[in-house]
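To start, the structure under review is shown below, and the notes come after it.
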Amino acid sequence: MEPGMEELMPRLLPVDDCDLSEDFDPTVPPRTPQEYLKRVQIEAARCPDVVVAQIDPKKLRKKQTVNISPKSEDEEGWKKFCLGERAYSEIDALSDNENLGIDYLKVGFPPLLSIVSRMSQATVTSVLEYLTSWFGEKKFTPELGRWLYALLACLEKPLLPEAHSLIRQLARRCSEVRVLEENKNEEQISALNLIICLVSRYFDQRDLADEPS
């Protein structure tokens, strides 16, 4: 290794040259610690200082990620994307000829990190507005809950004025639905409680917090 490279890559465990017997053969498995260290030294000396990767640009073009999410201003597109065509059209039952595989167009795309991490703050706020508006007239669903949680997690502080008003509206709606919940579904109430807690505690909207029991 050249002296310049030695400065960039200092030896963590300096080892002196090993004194070995004349019959030492680097092509066979080492029999002693000294033979092992010598073999490592020989292999290191054969490694090039700089390695250049051979990349085929054609393969890169074929595997580029495609953005399947709607445009920020496409309200109806986002509702279908997040909730699925079934919830959007309020179809509860599966059709007889529908296969058992997951059809994200029908059930909605989950808020995967690969999706939400590419969303700007403006898009996050817009989609949160679309889903909060939907929630104002429709029932709470697990798909809706997952997206609301993911979007709240993506909101950056300090909040923009429109986002501030939006999350307060969302928390109030969650409180209303929780009171009207006839079946007292524990899983659904826990999800509503979580959203209310995020808005009131994390985003400092203390007046919307539940009273301590």
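Scheme for the structure tokens: letters A, B, ... for chains in order shown; per-chain residue numbers from 1; ligand numbers from 1 in order shown.
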
Determine, using only C-alpha atoms, which residues of region 122-161 of chain A have any atom at most 9 Å from an atom of region 194-207 of chain A, and tabulate each with its shortest atom pair and distance in Å to one decimal place, rows ordered by chain and then rising number, as a tab-separated table.
```
residue	atom	partner	partner_atom	distance
A:Gly145	CA	A:Ile195	CA	8.3
A:Leu148	CA	A:Ile195	CA	7.8
A:Tyr149	CA	A:Ile195	CA	6.7
A:Leu152	CA	A:Leu198	CA	7.8
A:Ala153	CA	A:Leu198	CA	8.8
A:Lys157	CA	A:Phe203	CA	7.9
A:Pro158	CA	A:Phe203	CA	8.7
A:Leu159	CA	A:Phe203	CA	8.3
```

Have a look at A:Ile42, A:Asn185, A:Met119, A:Leu83 and name the one nearest to Lys71 (chain A); count only C-alpha atoms.
A:Met119

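Separating CA of Gly77 (chain A) from CA of Glu176 (chain A) is a distance of 26.9 Å.
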
Spatial neighbours of Glu76 (chain A), 10 Å, only C-alpha atoms, chain gap at least 4 places, as a PyMOL selection string:
chain A and resi 70+80-81+88+130

List the neighbours of Ser165 (chain A) out to 12 Å using only C-alpha atoms; skip same-chain residues closer than 2 positions along the sequence, and give me the result as a ChimeraX atom specification.
/A:125,128-129,132,159-163,167-172,199,203,205

Calculated over only C-alpha atoms, which of the candidates A:Cys82, A:Leu155, A:Val116, A:Ala150 has the smallest distance to Leu131 (chain A)?
A:Cys82
